Structures are given as structure tokens and as C-alpha cells.
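Dropping upload.txt in here (compact mmCIF, C-alpha atoms (C1' of nucleotides)):
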```txt
# COMPACT_ATOMS: atom_id res chain seq x y z
CA MET O 981 49.92 48.24 -29.45
CA VAL O 982 50.40 49.82 -26.06
CA PHE O 983 54.04 50.80 -26.49
CA PRO O 984 55.92 53.01 -28.92
CA LYS O 985 57.54 51.46 -31.94
CA LEU O 986 61.32 51.56 -32.15
CA LYS O 987 61.11 52.33 -35.83
CA GLU O 988 57.88 53.32 -37.48
CA SER O 989 58.59 51.06 -40.42
CA LEU O 990 58.84 47.80 -38.50
CA PRO O 991 55.91 45.41 -38.91
CA LEU O 992 53.81 44.86 -35.84
CA TYR O 993 54.93 41.32 -35.22
CA LYS O 994 58.58 42.36 -35.18
CA THR O 995 57.88 45.24 -32.83
CA LEU O 996 56.05 42.78 -30.63
CA ALA O 997 58.97 40.36 -30.79
CA ASN O 998 61.32 43.16 -29.75
CA ALA O 999 59.13 44.11 -26.82
CA LEU O 1000 58.83 40.51 -25.67
CA ALA O 1001 62.56 39.90 -26.05
CA GLN O 1002 63.31 42.95 -23.97
CA ARG O 1003 60.97 41.81 -21.21
CA ILE O 1004 62.42 38.34 -21.27
CA HIS O 1005 65.94 39.69 -20.87
CA ASN O 1006 64.74 42.03 -18.15
CA GLY O 1007 63.35 39.01 -16.37
CA ASP O 1008 59.94 40.64 -16.12
CA TRP O 1009 58.16 37.31 -16.21
CA ALA O 1010 60.71 35.15 -14.44
CA VAL O 1011 58.20 33.86 -11.91
CA GLY O 1012 58.91 30.33 -12.96
CA SER O 1013 60.60 31.60 -16.12
CA ASN O 1014 57.25 31.25 -17.83
CA LEU O 1015 55.56 33.84 -20.00
CA PRO O 1016 51.91 34.79 -19.63
CA SER O 1017 49.51 32.84 -21.81
CA GLU O 1018 48.94 33.86 -25.40
CA ALA O 1019 45.53 35.17 -24.46
CA ALA O 1020 46.99 37.30 -21.69
CA LEU O 1021 49.73 38.65 -23.96
CA CYS O 1022 47.16 39.45 -26.62
CA SER O 1023 45.23 41.65 -24.21
CA SER O 1024 48.35 43.22 -22.74
CA PHE O 1025 49.72 44.26 -26.10
CA GLU O 1026 46.38 44.67 -27.80
CA ALA O 1027 47.42 42.43 -30.65
CA SER O 1028 45.64 39.57 -32.34
CA ARG O 1029 46.60 36.07 -31.42
CA HIS O 1030 47.79 35.54 -34.97
CA THR O 1031 50.25 38.41 -34.76
CA LEU O 1032 51.35 37.47 -31.27
CA ARG O 1033 52.10 33.93 -32.36
CA HIS O 1034 54.03 35.27 -35.33
CA ALA O 1035 56.17 37.21 -32.88
CA LEU O 1036 56.60 34.22 -30.57
CA GLN O 1037 57.61 32.11 -33.52
CA THR O 1038 60.45 34.45 -34.43
CA LEU O 1039 61.60 34.39 -30.82
CA GLU O 1040 61.46 30.62 -30.84
CA SER O 1041 63.51 30.37 -34.02
CA ASP O 1042 66.01 32.68 -32.34
CA GLY O 1043 66.09 30.30 -29.42
CA LEU O 1044 64.70 32.89 -27.02
CA VAL O 1045 61.60 30.99 -25.95
CA LEU O 1046 60.53 27.38 -25.71
CA ARG O 1047 57.00 26.45 -26.76
CA ARG O 1048 55.26 23.19 -26.15
CA GLN O 1049 51.62 22.37 -26.71
CA GLY O 1050 49.73 22.18 -23.45
CA THR O 1051 52.28 24.06 -21.37
CA PRO O 1052 53.00 27.76 -20.94
CA THR O 1053 55.70 29.27 -23.13
CA ALA O 1054 58.98 29.60 -21.28
CA GLY O 1055 61.81 32.03 -21.72
CA ASP O 1056 64.95 30.18 -22.70
CA PHE O 1057 67.70 31.61 -20.54
CA SER O 1058 70.17 28.98 -21.65
CA ALA O 1059 70.33 30.74 -24.99
CA GLU O 1060 71.43 34.04 -23.53
CA GLY O 1061 74.77 35.74 -23.85
CA GLU O 1062 75.38 36.94 -27.35
CA LYS O 1063 71.67 37.27 -28.08
CA ILE O 1064 71.43 40.93 -27.18
CA TYR O 1065 68.33 42.97 -27.71
CA PRO O 1066 67.54 44.51 -30.12
CA LYS O 1067 67.82 41.98 -32.90
CA PHE O 1068 65.39 43.30 -35.50
CA MET H 854 44.75 17.58 -50.30
CA VAL H 855 45.12 15.80 -53.60
CA PHE H 856 47.75 13.30 -52.51
CA PRO H 857 47.85 10.61 -49.86
CA LYS H 858 49.37 11.40 -46.49
CA LEU H 859 52.55 9.59 -45.56
CA LYS H 860 51.27 9.17 -42.03
CA GLU H 861 47.67 9.87 -41.14
CA SER H 862 48.74 11.65 -37.99
CA LEU H 863 50.86 14.33 -39.63
CA PRO H 864 49.34 17.80 -39.71
CA LEU H 865 48.38 19.07 -43.13
CA TYR H 866 51.07 21.72 -43.34
CA LYS H 867 53.79 19.15 -42.67
CA THR H 868 52.38 16.77 -45.24
CA LEU H 869 52.33 19.68 -47.65
CA ALA H 870 55.91 20.54 -46.79
CA ASN H 871 56.92 16.95 -47.45
CA ALA H 872 55.19 16.94 -50.81
CA LEU H 873 56.77 20.24 -51.82
CA ALA H 874 60.21 19.17 -50.66
CA GLN H 875 59.94 15.99 -52.70
CA ARG H 876 58.95 17.91 -55.82
CA ILE H 877 61.79 20.38 -55.29
CA HIS H 878 64.32 17.59 -55.02
CA ASN H 879 62.80 15.89 -58.04
CA GLY H 880 63.30 19.12 -59.92
CA ASP H 881 59.65 19.19 -60.93
CA TRP H 882 59.58 22.98 -61.01
CA ALA H 883 63.13 23.69 -62.08
CA VAL H 884 62.06 25.79 -65.05
CA GLY H 885 63.98 28.74 -63.71
CA SER H 886 64.23 27.01 -60.34
CA ASN H 887 61.10 28.90 -59.36
CA LEU H 888 58.06 27.41 -57.70
CA PRO H 889 54.52 28.15 -58.87
CA SER H 890 52.84 31.07 -57.12
CA GLU H 891 51.17 30.54 -53.78
CA ALA H 892 47.80 30.88 -55.46
CA ALA H 893 48.70 28.18 -57.98
CA LEU H 894 50.00 25.86 -55.28
CA CYS H 895 46.86 26.42 -53.23
CA SER H 896 44.69 25.20 -56.09
CA SER H 897 47.02 22.34 -56.98
CA PHE H 898 47.04 20.96 -53.47
CA GLU H 899 43.59 22.19 -52.50
CA ALA H 900 44.94 23.83 -49.41
CA SER H 901 44.34 27.26 -47.96
CA ARG H 902 46.95 29.94 -48.44
CA HIS H 903 47.43 30.01 -44.69
CA THR H 904 48.36 26.35 -44.57
CA LEU H 905 50.44 26.53 -47.73
CA ARG H 906 52.47 29.42 -46.32
CA HIS H 907 52.93 27.49 -43.10
CA ALA H 908 54.43 24.69 -45.15
CA LEU H 909 56.61 27.06 -47.17
CA GLN H 910 57.83 28.64 -43.98
CA THR H 911 59.09 25.35 -42.64
CA LEU H 912 60.84 24.74 -45.93
CA GLU H 913 62.40 28.17 -45.74
CA SER H 914 63.65 27.63 -42.21
CA ASP H 915 65.14 24.38 -43.46
CA GLY H 916 66.91 26.34 -46.19
CA LEU H 917 65.00 24.54 -48.94
CA VAL H 918 63.37 27.56 -50.53
CA LEU H 919 64.07 31.26 -50.80
CA ARG H 920 61.19 33.70 -50.46
CA ARG H 921 61.22 37.38 -51.23
CA GLN H 922 58.28 39.76 -51.38
CA GLY H 923 57.36 40.60 -54.94
CA THR H 924 59.20 37.69 -56.56
CA PRO H 925 58.28 34.05 -57.00
CA THR H 926 59.55 31.61 -54.41
CA ALA H 927 62.67 29.81 -55.57
CA GLY H 928 63.97 26.40 -54.69
CA ASP H 929 67.34 26.72 -52.99
CA PHE H 930 69.55 24.15 -54.60
CA SER H 931 72.64 25.47 -52.87
CA ALA H 932 71.34 23.96 -49.67
CA GLU H 933 71.15 20.42 -51.03
CA GLY H 934 73.27 17.47 -50.08
CA GLU H 935 72.57 16.30 -46.57
CA LYS H 936 69.04 17.65 -46.62
CA ILE H 937 67.39 14.44 -47.72
CA TYR H 938 63.66 14.02 -47.97
CA PRO H 939 61.75 13.11 -45.89
CA LYS H 940 62.48 15.33 -42.92
CA PHE H 941 59.18 15.30 -41.02
C1' DG J 82 59.26 57.12 -65.28
C1' DT J 83 54.45 55.92 -64.68
C1' DG J 84 51.22 52.68 -64.18
C1' DC J 85 49.56 48.05 -63.88
C1' DA J 86 49.69 43.24 -62.87
C1' DT J 87 51.69 39.74 -60.20
C1' DT J 88 53.39 37.87 -55.99
C1' DT J 89 54.59 37.63 -51.36
C1' DG J 90 53.93 39.93 -46.63
C1' DT J 91 51.22 41.56 -42.81
C1' DA J 92 47.17 41.50 -39.85
C1' DC J 93 42.89 40.18 -38.14
C1' DG J 94 38.75 36.82 -37.48
C1' DT J 95 36.84 32.28 -36.22
C1' DA J 96 36.46 27.49 -35.15
C1' DT J 97 38.17 23.21 -33.78
C1' DG J 98 41.91 19.90 -32.36
C1' DT J 99 45.55 18.21 -29.21
C1' DA J 100 48.70 18.07 -25.32
C1' DT J 101 49.43 18.96 -20.57
C1' DA J 102 48.46 19.54 -15.83
C1' DA P 1077 37.10 14.48 -16.59
C1' DT P 1078 37.81 19.46 -16.57
C1' DA P 1079 40.40 23.29 -17.44
C1' DT P 1080 44.16 25.54 -19.48
C1' DA P 1081 47.25 26.47 -23.15
C1' DC P 1082 49.28 25.94 -27.48
C1' DA P 1083 48.49 24.00 -32.50
C1' DT P 1084 46.14 23.52 -36.75
C1' DA P 1085 43.34 25.31 -40.42
C1' DC P 1086 39.81 27.54 -42.73
C1' DG P 1087 38.51 32.49 -44.05
C1' DT P 1088 39.10 37.94 -45.32
C1' DA P 1089 41.33 42.32 -46.58
C1' DC P 1090 44.90 45.30 -47.51
C1' DA P 1091 50.02 46.55 -47.88
C1' DA P 1092 54.47 46.31 -50.06
C1' DA P 1093 57.94 44.77 -53.31
C1' DT P 1094 59.06 43.42 -57.85
C1' DG P 1095 58.94 43.29 -62.84
C1' DC P 1096 57.20 44.49 -67.13
C1' DA P 1097 54.67 47.11 -70.71
```

Any chance you could put this one into C-alpha cells?
Amino acid sequence: MVFPKLKESLPLYKTLANALAQRIHNGDWAVGSNLPSEAALCSSFEASRHTLRHALQTLESDGLVLRRQGTPTAGDFSAEGEKIYPKF
Amino acid sequence: MVFPKLKESLPLYKTLANALAQRIHNGDWAVGSNLPSEAALCSSFEASRHTLRHALQTLESDGLVLRRQGTPTAGDFSAEGEKIYPKF
DNA sequence: GTGCATTTGTACGTATGTATA
DNA sequence: ATATACATACGTACAAATGCA
């Protein structure tokens, strides 16, 4: 991990999910509202793909991102409003 | 897998989820409403723990089972009614 | 209450398949 | 067709929570 944990007790995938959620809300990746690829995120955050996907999955179940095989993962800005970071 | 797939195209974890959901609704494991351990289910269905947990996770997100670290996974019969098998 | 066994959770590794552009 | 990107599925090891003797 290349960023400090909010709480030392949180598992890595939740910390990752928090960090990603924050960046999504900040609009850091709103080029075409797409996130970097899983491989790119893995290097950025120095996490395994397994853990990264675990994080993305929680974001998806929260309606924060949209994933579809073959296409980049997109931030779901239609689900904003009450979904305020942090959530974990 | 020790049972026939409903559709040959379905991924293994979904087929597993279907099979587990059916057994839950049938009450096959309603001893104390607990499911066998992951290890037991892995041997029964000849699936890896990874895949089995993937299946259980989908069931959990559907409200069909309750999982808690340290305790056996329980079928959630409070969530029955409209949740009719099959769902995948 | 301590310790052990059981059970689920987390995390990483690797390979291959499938959908999309 | 090739390349890119996400999905599936096998494996390993250790951590953490629970329950019981």
C-alpha cells in the first residue's frame, strides 16, 4: 500500500476500497469517467490483483462502479448523493 | 463437480450457487439450519475453496445465507418467499 | 480463563477463458 | 485477428473469530 490506512485494523481490501471511493468522488479519473485498468491500479497501490478485485467488488455492490468484461471499469456517478465517503 | 450443470455455459461458481440454493430450499441441511463447513462442501462438490466461496458470496448477497467468521454458515430462512430457485 | 480445534476471512500466486474494442 | 481488460478457477499460507473442553 502506498497510502496510510484510516484505521490500522481495517483489512487491506477495505482500505483499498476507501481509497478508490475517495478518488472516484474526487473525480480523479474522470477522463471518460473510466478507472485505470486493474493492472494499473495494482501497480499504483502495490496490491495484488486478487485484493484489488475484492475492493472493486465491494464498490460495485455499493453501486459506486460499473464493471463489464472486456471494457474498463467505470465510476458510477448516477449513484452519488447519499453515498458519502467514508463508508467502511 | 459431482452434479450435472443446468446449462453448459454457466460458470462453475454459479452452477455451485444454484446447487447450494436448491439444497437450502429443500432443507437438506436444516439440522440446525447450518450448512456443512467450506471444507466439507469443497469435497462434496469437488470444487476449490476459492470457487466455493465465490458461490457462497453470491448466495450471501442474495440474502440466502448468513456467514460469520468463526461460526458455520447458516441458511437464512427469513429471506425466503419471493426468492425462488433458480436465480441464475 | 487458558488453550485447542474448528471455521471463516484475508492475501497473494498463477494460468487460462471470455468479452470488447 | 490482435490487443486490451475483466472473469473464472485452480493453488498456498496465515490471520481472526468462535466455541468447547

Taking all atoms listed in the file into account, name the residue in H:Ala870, H:Ser890, H:His903, H:Thr924 that is nearest to chain O. H:His903

Name all residues at most 10 Å from DA1085 (chain P) (count all atoms listed in the file; drop same-chain ones fewer than 2 positions away) and give them as a PDB file with C-alpha atoms (C1' of nucleotides), keeping the file's coordinate frame.
```pdb
ATOM      1  CA  PRO H 864      49.340  17.800 -39.710  1.00  0.00           C
ATOM      2  CA  LEU H 865      48.380  19.070 -43.130  1.00  0.00           C
ATOM      3  CA  TYR H 866      51.070  21.720 -43.340  1.00  0.00           C
ATOM      4  CA  ALA H 900      44.940  23.830 -49.410  1.00  0.00           C
ATOM      5  CA  SER H 901      44.340  27.260 -47.960  1.00  0.00           C
ATOM      6  CA  ARG H 902      46.950  29.940 -48.440  1.00  0.00           C
ATOM      7  CA  HIS H 903      47.430  30.010 -44.690  1.00  0.00           C
ATOM      8  CA  THR H 904      48.360  26.350 -44.570  1.00  0.00           C
TER       9      THR H 904
ATOM     10  C1'  DA J  96      36.460  27.490 -35.150  1.00  0.00           C
ATOM     11  C1'  DT J  97      38.170  23.210 -33.780  1.00  0.00           C
ATOM     12  C1'  DG J  98      41.910  19.900 -32.360  1.00  0.00           C
TER      13       DG J  98
ATOM     14  C1'  DA P1083      48.490  24.000 -32.500  1.00  0.00           C
ATOM     15  C1'  DG P1087      38.510  32.490 -44.050  1.00  0.00           C
TER      16       DG P1087
END
```

Could you work out how far CA of Leu912 (chain H) lies from CA of His1034 (chain O), giving the answer in Å with one decimal?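 Pair CA of His1034 (chain O) / CA of Leu912 (chain H) returns 16.4 Å.
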
In Å to one decimal, how far is C1' of DG1095 (chain P) from CA of Leu894 (chain H)?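 Between CA of Leu894 (chain H) and C1' of DG1095 (chain P) the gap works out to 21.0 Å.
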
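Note that CA of Leu863 (chain H) and CA of Ala892 (chain H) are 23.1 Å apart.
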
When you look at DG90 (chain J) with a cut-off of 8 Å (counting all atoms listed in the file), what residues show up, excluding the ones that are within fewer than 3 positions of it in the same chain? I need them as number ranges by chain. H: 922; P: 1091-1092

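The interface of chain H with chain O at 12 Å, considering all atoms listed in the file, consists of H:His903, H:His907, H:Gln910, H:Thr911, H:Glu913, H:Ser914, H:Asp915.
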
Taking only C-alpha atoms (C1' of nucleotides) into account, report as a PDB file with C-alpha atoms (C1' of nucleotides), in the coordinates of the input which residues of chain P lie within 8 Å of chain O.
```pdb
ATOM      1  C1'  DT P1080      44.160  25.540 -19.480  1.00  0.00           C
ATOM      2  C1'  DA P1081      47.250  26.470 -23.150  1.00  0.00           C
ATOM      3  C1'  DC P1082      49.280  25.940 -27.480  1.00  0.00           C
ATOM      4  C1'  DA P1083      48.490  24.000 -32.500  1.00  0.00           C
TER       5       DA P1083
END
```

Cut-off 8 Å: closest chain J/chain H atom pairs per residue, using only C-alpha atoms (C1' of nucleotides), as JSON lines:
```
{"residue": "J:DT87", "atom": "C1'", "partner": "H:Gly923", "partner_atom": "CA", "distance": 7.8}
{"residue": "J:DT88", "atom": "C1'", "partner": "H:Gly923", "partner_atom": "CA", "distance": 4.9}
{"residue": "J:DT89", "atom": "C1'", "partner": "H:Gln922", "partner_atom": "CA", "distance": 4.3}
{"residue": "J:DG90", "atom": "C1'", "partner": "H:Gln922", "partner_atom": "CA", "distance": 6.4}
```

Quick one: residues within 12 Å of DA1097 (chain P), only C-alpha atoms (C1' of nucleotides) counted, chain neighbours fewer than 3 positions away excluded, as a PyMOL selection string? chain J and resi 83-86
